[in-house]
Number of protein chains: 4
Amino acid sequence: MQYEMKWRVQYYETDRMGIVHHSNYIRYFETARTEFIRKEGLPYETIEEMGVLIPVLAVSAEYKTPAVYDEILSISCRFTKLGYASFELEYEVRNDETGELHVRGWSKQAFTDETLKPVAIRKAAPVVHEVFSRLYKESQEKAGKQQSDE
Amino acid sequence: MQYEMKWRVQYYETDRMGIVHHSNYIRYFETARTEFIRKEGLPYETIEEMGVLIPVLAVSAEYKTPAVYDEILSISCRFTKLGYASFELEYEVRNDETGELHVRGWSKQAFTDETLKPVAIRKAAPVVHEVFSRLYKESQEKAGKQQSDE
Amino acid sequence: MQYEMKWRVQYYETDRMGIVHHSNYIRYFETARTEFIRKEGLPYETIEEMGVLIPVLAVSAEYKTPAVYDEILSISCRFTKLGYASFELEYEVRNDETGELHVRGWSKQAFTDETLKPVAIRKAAPVVHEVFSRLYKESQEKAGKQQSDE
Amino acid sequence: MQYEMKWRVQYYETDRMGIVHHSNYIRYFETARTEFIRKEGLPYETIEEMGVLIPVLAVSAEYKTPAVYDEILSISCRFTKLGYASFELEYEVRNDETGELHVRGWSKQAFTDETLKPVAIRKAAPVVHEVFSRLYKESQEKAGKQQSDE
């Protein structure tokens, strides 16, 4: 994947099955997404200051194996689509040590103004468009390379 | 849908966009699912006492319009599939007053033993199988009727 | 107490000890506080529309016995102080059926403007002051009566 | 303080006031507490495997200034008491860059067996007692030194 971060499972993230409550992975996706973009010089904070909000349009997750308390997770993501007013990412949550896959996910986000109406990001915030385009292209190149390597 | 419940949006469920954080709808789905089954005489508590756990295998959500603080939501769900060791439901979250659709969702759950290994529910807990079969059948009949009514 | 509401413990509110995570009681206090004031005709929503925010200044909780999944809680509260720019409440969380005490709590809130600077509520929003004064007085009378009854 | 860790404020931790929801600081305290003890070679995980649980008995927090989205927090804590079957800590949450104090807190925890009955930690898990005693002593020495330095 394009970006990877670590996350220690917190006590309050577990439920009485003794595993991470499934809703928390949706939060992990968000954390990875925002950290990824921050690393590229674009904290959400900054984007929101430009008058652009990024609400989530859709999300999905497949739970393969449960993560447990105290485990260190590797949460990774990559761009899979960039539209006029939206973009999509894929995610993987793994045990950081063994690489065991816990959850696979996907999300689609909109670019909107402060009233949550969609905006063409190229016009609304050219800098954001530039960075996202580069990230999307890099993701495509990497995927292409991986395919031709096989 | 087959089952409907109300939920008042809590302050801690909102985020700095002023809307319900998208991860919370995944929790609403769970609440509706458990309340639905409880109403049929099968609290999760009771099912877990029979040695059957119900971890989530997959979930998806489409966010149409944002719900806001203090709004009363109508969260509804219906059975869409019942397998040997899993079942699926669909969800809708609407504004209770206007009926405006906020979120559409879907989830798939497994029946497992206490070590989270899948079990054939018909054998593991016949009562649970019976209730779920009836609910699934009712859902199908309703859907069939709605189609023939159109 | 002056106000009481019910709450069903949600699965996502439990942790791997099998009990309600202690942080959630702080959220229950908020829910009771807002429902109490709403019942008196003053949803937080309305107060915030008057330009008054109500951030929490301090909170405390004593955990006596754990609440568990699926339990129905009785969350009650009463006014214990009303100042120029702040107010305080006490809380009790009990098992709704047996009355067993789970948690006792207290919180202090400020009245502020939208920049989170304290405001004298009597001037900033006379209606709010009126309602809160009445609630505070009722709480005192009730407490006095209880004492003289003993 | 004795121990300090960093935490980046997550989007889902903010509320519609645009600040960290007050309940989340109670979770920060827990995170600091567990990280502190882990650093000393005693992950909660390990303690729980010895049959000792550490439920919270009481907690309090004073909110001085609000933390906002994306901010890096410094969460610090120190031991203030060690009893037969309980211990106490103090916390501070600050802006990591400016040192501005956001929240001051305190919590008391019990040592219990798996049925949540109190246990004398010296007997129940001597290793835990040893580590906690050392940490408590270090905290006292540091506090004494700070006083005599003044």
# chains A, B, ... in the order shown; residues from 1 in each chain; ligands from 1
call {"tool": "interface_residues", "arguments": {"of": "chain D", "to": "chain B", "cutoff": "8 Å", "atoms": "only C-alpha atoms", "output": "list of chain:residue names"}}
result
D:Tyr11, D:Tyr12, D:Glu13, D:Thr14, D:Asp15, D:Arg16, D:Met17, D:Gly18, D:Ile19, D:His21
call {"tool": "select_by_dssp", "arguments": {"residues": "chain C", "states": "alpha helix (DSSP H)", "output": "number ranges by chain"}}
result
C: 23-39, 44-49, 121-124, 126-149
call {"tool": "calpha_fit_and_write", "arguments": {"fixed": "chain C", "moving": "chain D", "output": "mmCIF file with C-alpha atoms, in the first residue's frame"}}
result
data_model
loop_
_atom_site.group_PDB
_atom_site.id
_atom_site.type_symbol
_atom_site.label_atom_id
_atom_site.label_comp_id
_atom_site.auth_asym_id
_atom_site.auth_seq_id
_atom_site.Cartn_x
_atom_site.Cartn_y
_atom_site.Cartn_z
ATOM 1 C CA MET D 1 -33.561 13.121 42.188
ATOM 2 C CA GLN D 2 -35.295 15.667 39.973
ATOM 3 C CA TYR D 3 -35.116 13.891 36.663
ATOM 4 C CA GLU D 4 -34.748 10.288 35.646
ATOM 5 C CA MET D 5 -34.334 8.531 32.327
ATOM 6 C CA LYS D 6 -33.711 4.986 31.144
ATOM 7 C CA TRP D 7 -30.821 3.770 29.028
ATOM 8 C CA ARG D 8 -30.160 0.300 27.639
ATOM 9 C CA VAL D 9 -26.457 -0.602 27.793
ATOM 10 C CA GLN D 10 -25.146 -1.017 24.239
ATOM 11 C CA TYR D 11 -22.682 -3.686 23.109
ATOM 12 C CA TYR D 12 -20.177 -1.052 21.988
ATOM 13 C CA GLU D 13 -20.260 0.470 25.465
ATOM 14 C CA THR D 14 -18.832 -2.663 27.071
ATOM 15 C CA ASP D 15 -15.131 -3.492 27.237
ATOM 16 C CA ARG D 16 -13.249 -6.744 27.514
ATOM 17 C CA MET D 17 -13.906 -6.934 31.269
ATOM 18 C CA GLY D 18 -17.499 -7.480 30.151
ATOM 19 C CA ILE D 19 -18.692 -4.292 31.839
ATOM 20 C CA VAL D 20 -19.569 -0.772 30.719
ATOM 21 C CA HIS D 21 -16.326 1.117 30.053
ATOM 22 C CA HIS D 22 -15.981 3.756 32.772
ATOM 23 C CA SER D 23 -15.684 6.622 30.283
ATOM 24 C CA ASN D 24 -19.228 5.989 29.071
ATOM 25 C CA TYR D 25 -20.802 7.112 32.342
ATOM 26 C CA ILE D 26 -19.483 10.600 31.624
ATOM 27 C CA ARG D 27 -21.526 10.388 28.413
ATOM 28 C CA TYR D 28 -24.558 9.116 30.339
ATOM 29 C CA PHE D 29 -24.312 12.177 32.595
ATOM 30 C CA GLU D 30 -24.406 14.404 29.526
ATOM 31 C CA THR D 31 -27.368 12.549 28.090
ATOM 32 C CA ALA D 32 -29.320 12.895 31.347
ATOM 33 C CA ARG D 33 -28.398 16.570 31.649
ATOM 34 C CA THR D 34 -29.542 17.425 28.128
ATOM 35 C CA GLU D 35 -32.720 15.349 28.358
ATOM 36 C CA PHE D 36 -33.592 16.976 31.665
ATOM 37 C CA ILE D 37 -33.274 20.459 30.221
ATOM 38 C CA ARG D 38 -35.035 19.499 27.014
ATOM 39 C CA LYS D 39 -37.999 18.252 29.035
ATOM 40 C CA GLU D 40 -38.200 21.751 30.515
ATOM 41 C CA GLY D 41 -38.500 23.196 27.028
ATOM 42 C CA LEU D 42 -34.851 24.031 26.455
ATOM 43 C CA PRO D 43 -33.075 21.652 24.060
ATOM 44 C CA TYR D 44 -29.291 22.384 23.922
ATOM 45 C CA GLU D 45 -29.912 22.983 20.236
ATOM 46 C CA THR D 46 -32.119 25.958 21.137
ATOM 47 C CA ILE D 47 -29.666 27.287 23.707
ATOM 48 C CA GLU D 48 -26.827 27.085 21.176
ATOM 49 C CA GLU D 49 -28.996 28.971 18.682
ATOM 50 C CA MET D 50 -29.158 31.802 21.250
ATOM 51 C CA GLY D 51 -25.356 31.955 20.987
ATOM 52 C CA VAL D 52 -24.752 30.228 24.318
ATOM 53 C CA LEU D 53 -22.508 27.167 24.549
ATOM 54 C CA ILE D 54 -22.299 24.942 27.627
ATOM 55 C CA PRO D 55 -18.851 23.361 27.828
ATOM 56 C CA VAL D 56 -18.031 21.138 30.796
ATOM 57 C CA LEU D 57 -15.666 22.649 33.379
ATOM 58 C CA ALA D 58 -15.267 19.670 35.667
ATOM 59 C CA VAL D 59 -16.589 16.190 36.173
ATOM 60 C CA SER D 60 -16.186 13.405 38.703
ATOM 61 C CA ALA D 61 -17.498 9.883 39.088
ATOM 62 C CA GLU D 62 -17.385 7.176 41.722
ATOM 63 C CA TYR D 63 -17.822 3.656 40.406
ATOM 64 C CA LYS D 64 -19.585 1.462 42.983
ATOM 65 C CA THR D 65 -20.666 -1.605 41.002
ATOM 66 C CA PRO D 66 -20.300 -2.393 37.309
ATOM 67 C CA ALA D 67 -23.188 -2.231 34.851
ATOM 68 C CA VAL D 68 -23.235 -4.974 32.246
ATOM 69 C CA TYR D 69 -24.369 -5.481 28.695
ATOM 70 C CA ASP D 70 -28.086 -5.291 28.017
ATOM 71 C CA GLU D 71 -28.922 -3.948 31.438
ATOM 72 C CA ILE D 72 -31.507 -1.198 31.657
ATOM 73 C CA LEU D 73 -30.088 1.728 33.579
ATOM 74 C CA SER D 74 -31.880 4.462 35.424
ATOM 75 C CA ILE D 75 -29.850 7.662 35.052
ATOM 76 C CA SER D 76 -31.013 10.465 37.311
ATOM 77 C CA CYS D 77 -29.785 13.961 38.052
ATOM 78 C CA ARG D 78 -30.546 17.123 39.992
ATOM 79 C CA PHE D 79 -29.289 20.717 40.115
ATOM 80 C CA THR D 80 -26.953 21.457 43.017
ATOM 81 C CA LYS D 81 -25.703 24.949 42.153
ATOM 82 C CA LEU D 82 -26.436 27.863 39.844
ATOM 83 C CA GLY D 83 -23.875 30.649 39.492
ATOM 84 C CA TYR D 84 -23.584 33.710 37.244
ATOM 85 C CA ALA D 85 -21.834 31.824 34.496
ATOM 86 C CA SER D 86 -21.923 28.193 35.599
ATOM 87 C CA PHE D 87 -24.088 25.463 37.086
ATOM 88 C CA GLU D 88 -23.608 22.085 38.728
ATOM 89 C CA LEU D 89 -25.483 18.812 38.781
ATOM 90 C CA GLU D 90 -25.320 15.504 40.623
ATOM 91 C CA TYR D 91 -26.009 12.141 39.009
ATOM 92 C CA GLU D 92 -26.829 8.586 39.920
ATOM 93 C CA VAL D 93 -26.724 5.591 37.613
ATOM 94 C CA ARG D 94 -28.643 2.590 38.924
ATOM 95 C CA ASN D 95 -29.950 -0.725 37.717
ATOM 96 C CA ASP D 96 -33.477 0.189 36.766
ATOM 97 C CA GLU D 97 -35.048 -2.973 38.170
ATOM 98 C CA THR D 98 -33.183 -3.571 41.417
ATOM 99 C CA GLY D 99 -32.149 0.018 42.142
ATOM 100 C CA GLU D 100 -28.557 -1.127 42.729
ATOM 101 C CA LEU D 101 -26.249 1.891 42.616
ATOM 102 C CA HIS D 102 -23.588 1.668 39.914
ATOM 103 C CA VAL D 103 -22.139 5.151 39.706
ATOM 104 C CA ARG D 104 -22.440 8.473 41.479
ATOM 105 C CA GLY D 105 -21.298 11.578 39.648
ATOM 106 C CA TRP D 106 -21.061 15.309 39.540
ATOM 107 C CA SER D 107 -20.375 17.878 36.863
ATOM 108 C CA LYS D 108 -19.919 21.626 36.501
ATOM 109 C CA GLN D 109 -20.697 23.460 33.286
ATOM 110 C CA ALA D 110 -19.988 26.985 32.060
ATOM 111 C CA PHE D 111 -22.216 29.304 30.086
ATOM 112 C CA THR D 112 -20.058 30.769 27.310
ATOM 113 C CA ASP D 113 -20.387 32.649 24.044
ATOM 114 C CA GLU D 114 -19.378 31.040 20.768
ATOM 115 C CA THR D 115 -15.711 31.753 21.394
ATOM 116 C CA LEU D 116 -15.991 29.809 24.665
ATOM 117 C CA LYS D 117 -15.657 32.945 26.828
ATOM 118 C CA PRO D 118 -17.845 32.892 30.006
ATOM 119 C CA VAL D 119 -21.046 34.923 29.910
ATOM 120 C CA ALA D 120 -23.451 35.968 32.662
ATOM 121 C CA ILE D 121 -26.406 33.827 31.695
ATOM 122 C CA ARG D 122 -28.969 36.257 33.160
ATOM 123 C CA LYS D 123 -27.946 38.797 30.529
ATOM 124 C CA ALA D 124 -26.871 36.527 27.710
ATOM 125 C CA ALA D 125 -30.065 34.476 27.628
ATOM 126 C CA PRO D 126 -32.690 35.465 30.217
ATOM 127 C CA VAL D 127 -34.987 32.580 29.250
ATOM 128 C CA VAL D 128 -32.273 30.072 30.024
ATOM 129 C CA HIS D 129 -31.587 31.780 33.325
ATOM 130 C CA GLU D 130 -35.266 31.680 34.226
ATOM 131 C CA VAL D 131 -35.644 27.978 33.566
ATOM 132 C CA PHE D 132 -32.397 27.056 35.285
ATOM 133 C CA SER D 133 -33.313 29.189 38.327
ATOM 134 C CA ARG D 134 -36.626 27.434 38.637
ATOM 135 C CA LEU D 135 -34.990 24.015 38.340
ATOM 136 C CA TYR D 136 -32.358 24.929 40.892
ATOM 137 C CA LYS D 137 -35.014 26.212 43.309
ATOM 138 C CA GLU D 138 -37.134 23.080 42.885
ATOM 139 C CA SER D 139 -34.096 20.966 43.577
ATOM 140 C CA GLN D 140 -33.378 22.904 46.785
ATOM 141 C CA GLU D 141 -36.976 22.656 47.985
ATOM 142 C CA LYS D 142 -36.999 18.941 47.363
ATOM 143 C CA ALA D 143 -33.739 18.486 49.232
ATOM 144 C CA GLY D 144 -35.030 20.608 52.129
ATOM 145 C CA LYS D 145 -38.244 18.650 52.270
ATOM 146 C CA GLN D 146 -36.368 15.360 52.287
ATOM 147 C CA GLN D 147 -34.272 16.594 55.210
ATOM 148 C CA SER D 148 -37.251 17.798 57.258
ATOM 149 C CA ASP D 149 -39.036 14.517 56.514
ATOM 150 C CA GLU D 150 -36.254 12.551 58.140
#
call {"tool": "select_by_dssp", "arguments": {"residues": "chain B", "states": "strand (DSSP E or B)", "output": "PyMOL selection string"}}
result
chain B and resi 3-8+14+19-20+53+56-63+68+72-82+86-95+101-110+112+118
